[in-house]
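J.: Structure in structure tokens, see below.
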Amino acid sequence: MSWIYFAISAYLLLAISGVVDKFLVSKVVRHPVAYAFYIGITGPFSLLLAPFGLKLISLPDFFIAVVAGVCIVLGLFYYFKAVQLTTVSRVLPIQGGLVPLFTLVFAFFLLGERLSIDQYLAFIFLVSGAALISFRKEAGGWHPKGLGFAILSSGLFALAATLSKYIFEISNYVSGMVWTRMGFILVALALLASKKNRQYIFSAPKEAKAKNIFIYYTARFSGSVAGFLQNYAVALGSVTIVSAMQGTQFIFVLLLATFLSLYFPKILKEKISATILVQKISAIVLISIGLALLTL
């Protein structure tokens, strides 16, 4: 069950990069196209893993791997589109609930993955906790396109995780990481086809100050390491349960956001009240029960 600890470590790093991205997407890299492009061009760096066990796979399997990589970058693109039209606080509850549910369905039909009774119970507690901890009531309603983008990004993330699990099973971890990342560069190249996109992409570095560029690459490094750990957890364990454990990421985000709100409010300011604390603590209890069911 060591994969559970790899997943928790991944979600800790994703929480760090997520908090930084919340700052960057509003103040530095303002357009989702630019964000998706600069994440996409990191794909070829996965070739550095080649000496550690890269295996050739069949052409159909390579196509599946590329589709998985494309889904990851498109998922991020539509996530930032949703955030741009609404807020992170509206998008996270959608993803916290839908990504695990989509993954459960995809893994059931595409991989034939079946969970035990304890795992299904853990899944329910983890997903319920994730949705509760990330929920925050706000004035106004959903932007229709924002809701659509949030649902679409959830489906893409779930499909990417499921297809990646398939590649890990028919090859190995290194091969899965390398071949799926080839899809990253395809999205980056496709984004360059539009003149307007090129303007967004190439103006982004000019708009960012040196210190923000450093912060951006720090977040990308954290996110990249998290991706390796998360995929390693998927390779070793259940893709459905790893997806459901996203609630642990929200716990870490809560702790980081609370710390920054108290000591560095200029960077990030979150509203904290007795009602919100009760809600978050209740969610943490649900997630803790889910984790306990997996580890006991």
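Each chain in the structure tokens gets a letter, A, B, ..., in the order shown, and its residues are numbered from 1; ligands are numbered from 1 in order too.
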Can you pull out the residues contacting A:Ile41? Cut-off 10 Å, using only C-alpha atoms, and skip same-chain residues under 2 positions away; I want them as a short mmCIF file (atom, residue, chain, number, x, y, z; two decimals) with N, CA and C atoms, in the first residue's frame.

T.:
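Dumped everything to part24.cif:
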data_model
loop_
_atom_site.label_atom_id
_atom_site.label_comp_id
_atom_site.auth_asym_id
_atom_site.auth_seq_id
_atom_site.Cartn_x
_atom_site.Cartn_y
_atom_site.Cartn_z
N ALA A 36 -1.23 26.90 -20.96
CA ALA A 36 -1.23 25.56 -21.55
C ALA A 36 0.01 25.34 -22.42
N PHE A 37 0.40 26.38 -23.16
CA PHE A 37 1.57 26.24 -24.04
C PHE A 37 2.84 25.98 -23.25
N TYR A 38 3.07 26.77 -22.21
CA TYR A 38 4.32 26.63 -21.47
C TYR A 38 4.37 25.36 -20.64
N ILE A 39 3.21 24.79 -20.33
CA ILE A 39 3.19 23.46 -19.71
C ILE A 39 3.43 22.41 -20.79
N GLY A 43 6.88 18.64 -22.16
CA GLY A 43 6.72 17.23 -22.47
C GLY A 43 8.00 16.50 -22.87
N PRO A 44 8.78 17.04 -23.82
CA PRO A 44 9.98 16.34 -24.27
C PRO A 44 11.03 16.11 -23.17
N PHE A 45 10.95 16.87 -22.09
CA PHE A 45 11.92 16.67 -21.01
C PHE A 45 11.76 15.30 -20.35
N ARG A 181 3.79 11.86 -22.30
CA ARG A 181 4.24 13.26 -22.39
C ARG A 181 4.50 13.72 -23.82
N MET A 182 4.56 12.79 -24.76
CA MET A 182 4.69 13.20 -26.15
C MET A 182 3.43 13.93 -26.63
N GLY A 183 2.32 13.66 -25.96
CA GLY A 183 1.10 14.38 -26.31
C GLY A 183 1.14 15.84 -25.90
N PHE A 184 1.98 16.16 -24.90
CA PHE A 184 2.10 17.55 -24.46
C PHE A 184 2.52 18.47 -25.60
N ILE A 185 3.56 18.04 -26.30
CA ILE A 185 4.14 18.90 -27.34
C ILE A 185 3.18 19.09 -28.51
N LEU A 186 2.32 18.10 -28.78
CA LEU A 186 1.34 18.22 -29.86
C LEU A 186 0.37 19.37 -29.57
N VAL A 187 -0.07 19.47 -28.33
CA VAL A 187 -0.98 20.56 -27.96
C VAL A 187 -0.27 21.90 -28.08
N ALA A 188 0.99 21.95 -27.62
CA ALA A 188 1.76 23.20 -27.68
C ALA A 188 1.91 23.66 -29.13
N LEU A 189 2.22 22.73 -30.02
CA LEU A 189 2.39 23.08 -31.44
C LEU A 189 1.05 23.52 -32.05
#

J.: Please report, as a ChimeraX atom specification, each residue of stretch 44-211 of chain A to which DSSP assigns helix (DSSP H, G or I) when run on this structure's backbone.

T.: /A:44-52,59-85,88-111,117-134,144-170,173-191,195-207,210-211

J.: Extract, using only C-alpha atoms, all DNA, RNA and protein residues at most 12 Å from A:Gly112, discarding same-chain residues fewer than 5 positions from it, and format them as an mmCIF file with N, CA and C atoms, in the first residue's frame.

T.:
data_model
loop_
_atom_site.group_PDB
_atom_site.id
_atom_site.type_symbol
_atom_site.label_atom_id
_atom_site.label_comp_id
_atom_site.auth_asym_id
_atom_site.auth_seq_id
_atom_site.Cartn_x
_atom_site.Cartn_y
_atom_site.Cartn_z
ATOM 1 N N THR A 103 -13.425 9.007 -13.292
ATOM 2 C CA THR A 103 -12.365 7.995 -13.259
ATOM 3 C C THR A 103 -12.935 6.626 -12.898
ATOM 4 N N LEU A 104 -13.852 6.605 -11.935
ATOM 5 C CA LEU A 104 -14.505 5.347 -11.543
ATOM 6 C C LEU A 104 -15.184 4.696 -12.748
ATOM 7 N N VAL A 105 -15.891 5.490 -13.533
ATOM 8 C CA VAL A 105 -16.601 4.971 -14.709
ATOM 9 C C VAL A 105 -15.612 4.528 -15.786
ATOM 10 N N PHE A 106 -14.637 5.391 -16.102
ATOM 11 C CA PHE A 106 -13.662 5.052 -17.145
ATOM 12 C C PHE A 106 -12.860 3.802 -16.778
ATOM 13 N N ALA A 107 -12.403 3.733 -15.528
ATOM 14 C CA ALA A 107 -11.601 2.589 -15.091
ATOM 15 C C ALA A 107 -12.423 1.301 -15.102
ATOM 16 N N THR A 162 -6.898 7.404 -16.559
ATOM 17 C CA THR A 162 -7.268 6.033 -16.914
ATOM 18 C C THR A 162 -6.398 5.496 -18.048
ATOM 19 N N LYS A 165 -2.917 4.767 -16.802
ATOM 20 C CA LYS A 165 -2.886 3.500 -16.068
ATOM 21 C C LYS A 165 -2.768 2.329 -17.030
ATOM 22 N N TYR A 166 -3.477 2.407 -18.148
ATOM 23 C CA TYR A 166 -3.399 1.341 -19.154
ATOM 24 C C TYR A 166 -1.979 1.210 -19.696
ATOM 25 N N SER A 238 -4.688 1.620 -7.403
ATOM 26 C CA SER A 238 -5.955 1.840 -8.096
ATOM 27 C C SER A 238 -6.039 3.278 -8.601
ATOM 28 N N VAL A 239 -6.270 3.446 -9.900
ATOM 29 C CA VAL A 239 -6.383 4.787 -10.467
ATOM 30 C C VAL A 239 -7.620 5.486 -9.898
ATOM 31 N N THR A 240 -8.668 4.730 -9.615
ATOM 32 C CA THR A 240 -9.895 5.308 -9.059
ATOM 33 C C THR A 240 -9.659 5.871 -7.662
#

J.: For a test of reading the model, state the distance in Å between atom CA of A:Leu236 and atom CA of A:Ser128, rounded to one decimal.

T.: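 The value is 24.2 Å.
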
J.: If we count only C-alpha atoms, what is near A:Ser2 at a cut-off of 9 Å, once residues fewer than 5 positions away on the same chain are taken out, given as a PDB file with C-alpha atoms, in the first residue's frame?

T.:
ATOM      1  CA  ALA A   7      -0.320   9.856  -3.758  1.00  0.00           C
ATOM      2  CA  ALA A 233       0.881   5.876  -7.340  1.00  0.00           C
ATOM      3  CA  LEU A 236       1.214   0.783  -8.376  1.00  0.00           C
ATOM      4  CA  GLY A 237      -2.374   1.031  -7.156  1.00  0.00           C
TER       5      GLY A 237
END

J.: Do a neighbour search on A:Gln246 at 10 Å with only C-alpha atoms, toss out local chain neighbours closer than 4 positions, and write the hits as a list of chain:residue names.

T.: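 Here the qualifying residues turn out to be A:Ala7, A:Ile8, A:Ala10, A:Tyr11, A:Leu12, A:Leu14, A:Ala15, A:Gln95, A:Gly96, A:Gly97, A:Val99, A:Pro100, A:Leu126, A:Val127, A:Gly129, A:Ala130, A:Ala131, A:Ile241, A:Val242, A:Phe250, A:Ile251, A:Ile287.
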
J.: Kindly indicate which residue among A:Ile117, A:Ile289, A:Ile94, A:Leu262 lies nearest to A:Arg136, using only C-alpha atoms for the distances.

T.: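 Looking only at the distances to A:Arg136, the closest residue turns out to be A:Ile94.
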
J.: Give the answer as one residue: which of A:Leu132, A:Ala190, A:Ile57, A:Val70 has the shortest atom-to-atom distance to A:Ser282, using only C-alpha atoms?

T.: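 The answer is A:Leu132, which sits nearest to A:Ser282.
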
J.: Compile the contact shell of A:Cys71 as a list of chain:residue names: residues with an atom at most 9 Å away, counting only C-alpha atoms, same-chain residues fewer than 6 positions apart removed.

T.: A:Ser153, A:Gly155, A:Leu156, A:Phe157, A:Ala158, A:Leu159, A:Ala160, A:Gly183, A:Phe184

J.: Can I get the selected residues back with C-alpha atoms, as a compact mmCIF listing (two decimals), in the first residue's frame?

T.:
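Output (part-v3.txt):
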# COMPACT_ATOMS: atom_id res chain seq x y z
CA SER A 153 -11.68 19.56 -17.68
CA GLY A 155 -13.60 14.48 -17.79
CA LEU A 156 -10.28 15.09 -19.53
CA PHE A 157 -8.28 14.65 -16.31
CA ALA A 158 -10.13 11.41 -15.53
CA LEU A 159 -9.62 10.03 -19.04
CA ALA A 160 -5.93 10.96 -18.94
CA GLY A 183 1.10 14.38 -26.31
CA PHE A 184 2.10 17.55 -24.46

J.: So, with only C-alpha atoms as the atoms that count, which of A:Phe123, A:Phe252, A:Phe52, A:Tyr5 lies closest to A:Leu229?

T.: A:Tyr5

J.: Might you pull out every residue within 7 Å of stretch 77-85 of chain A, with only C-alpha atoms counted and same-chain residues fewer than 3 positions away left off, and present them as a ChimeraX atom specification?

T.: /A:32-33,36,73-74,88,91,143,146-147,149-150,153

J.: Filtering to N, CA and C atoms, could you give me those residues as a PDB file, in the first residue's frame?

T.:
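The resulting file, result-v7.pdb, is shown below:
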ATOM      1  N   PRO A  32      -5.256  31.506 -20.501  1.00  0.00           N
ATOM      2  CA  PRO A  32      -5.091  30.057 -20.428  1.00  0.00           C
ATOM      3  C   PRO A  32      -4.263  29.473 -21.563  1.00  0.00           C
ATOM      4  N   VAL A  33      -4.307  30.096 -22.733  1.00  0.00           N
ATOM      5  CA  VAL A  33      -3.524  29.600 -23.871  1.00  0.00           C
ATOM      6  C   VAL A  33      -2.034  29.623 -23.547  1.00  0.00           C
ATOM      7  N   ALA A  36      -1.230  26.898 -20.956  1.00  0.00           N
ATOM      8  CA  ALA A  36      -1.229  25.557 -21.549  1.00  0.00           C
ATOM      9  C   ALA A  36       0.006  25.343 -22.416  1.00  0.00           C
ATOM     10  N   VAL A  73      -3.023  18.218 -20.883  1.00  0.00           N
ATOM     11  CA  VAL A  73      -2.815  19.642 -21.181  1.00  0.00           C
ATOM     12  C   VAL A  73      -4.143  20.337 -21.489  1.00  0.00           C
ATOM     13  N   LEU A  74      -5.018  19.668 -22.247  1.00  0.00           N
ATOM     14  CA  LEU A  74      -6.329  20.260 -22.517  1.00  0.00           C
ATOM     15  C   LEU A  74      -7.146  20.393 -21.242  1.00  0.00           C
ATOM     16  N   VAL A  88     -11.826  30.068  -8.703  1.00  0.00           N
ATOM     17  CA  VAL A  88     -11.270  28.793  -8.261  1.00  0.00           C
ATOM     18  C   VAL A  88     -12.215  28.119  -7.272  1.00  0.00           C
ATOM     19  N   VAL A  91     -14.819  26.192  -9.112  1.00  0.00           N
ATOM     20  CA  VAL A  91     -14.328  25.097  -9.956  1.00  0.00           C
ATOM     21  C   VAL A  91     -13.869  23.898  -9.134  1.00  0.00           C
ATOM     22  N   HIS A 143     -21.355  30.910 -14.419  1.00  0.00           N
ATOM     23  CA  HIS A 143     -21.294  31.284 -15.823  1.00  0.00           C
ATOM     24  C   HIS A 143     -21.491  29.996 -16.612  1.00  0.00           C
ATOM     25  N   GLY A 146     -18.426  28.638 -18.041  1.00  0.00           N
ATOM     26  CA  GLY A 146     -17.507  28.281 -16.969  1.00  0.00           C
ATOM     27  C   GLY A 146     -17.829  26.911 -16.398  1.00  0.00           C
ATOM     28  N   LEU A 147     -19.124  26.641 -16.193  1.00  0.00           N
ATOM     29  CA  LEU A 147     -19.546  25.331 -15.703  1.00  0.00           C
ATOM     30  C   LEU A 147     -19.200  24.247 -16.712  1.00  0.00           C
ATOM     31  N   PHE A 149     -16.828  24.281 -18.984  1.00  0.00           N
ATOM     32  CA  PHE A 149     -15.372  24.077 -19.012  1.00  0.00           C
ATOM     33  C   PHE A 149     -14.906  23.273 -17.793  1.00  0.00           C
ATOM     34  N   ALA A 150     -15.517  23.528 -16.623  1.00  0.00           N
ATOM     35  CA  ALA A 150     -15.145  22.803 -15.406  1.00  0.00           C
ATOM     36  C   ALA A 150     -15.469  21.315 -15.544  1.00  0.00           C
ATOM     37  N   SER A 153     -13.033  19.773 -18.207  1.00  0.00           N
ATOM     38  CA  SER A 153     -11.683  19.559 -17.683  1.00  0.00           C
ATOM     39  C   SER A 153     -11.657  18.352 -16.750  1.00  0.00           C
TER      40      SER A 153
END

J.: Given only C-alpha atoms as the basis, pick out the residue of A:Leu115, A:Leu163, A:Leu92, A:Val19 nearest to A:Ser134.

T.: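 Under the stated criterion, the closest residue is A:Leu92.
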
J.: Using only C-alpha atoms for the distances, tell me which of A:Ile276, A:Ala161, A:Leu49, A:Leu110 is nearest to A:Asn231.

T.: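 Looking at the shortest contact to A:Asn231, the residue is A:Ala161.
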
J.: Between atom CA of A:Thr86 and atom CA of A:Lys145, what is the distance, to one decimal in Å?

T.: 9.2 Å

J.: Looking at A:Leu260, A:Phe135, A:Ser175, A:Tyr200, which one is nearest to A:Arg90, with distances taken over only C-alpha atoms?

T.: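 Ranked by minimum distance to A:Arg90, first place goes to A:Phe135.
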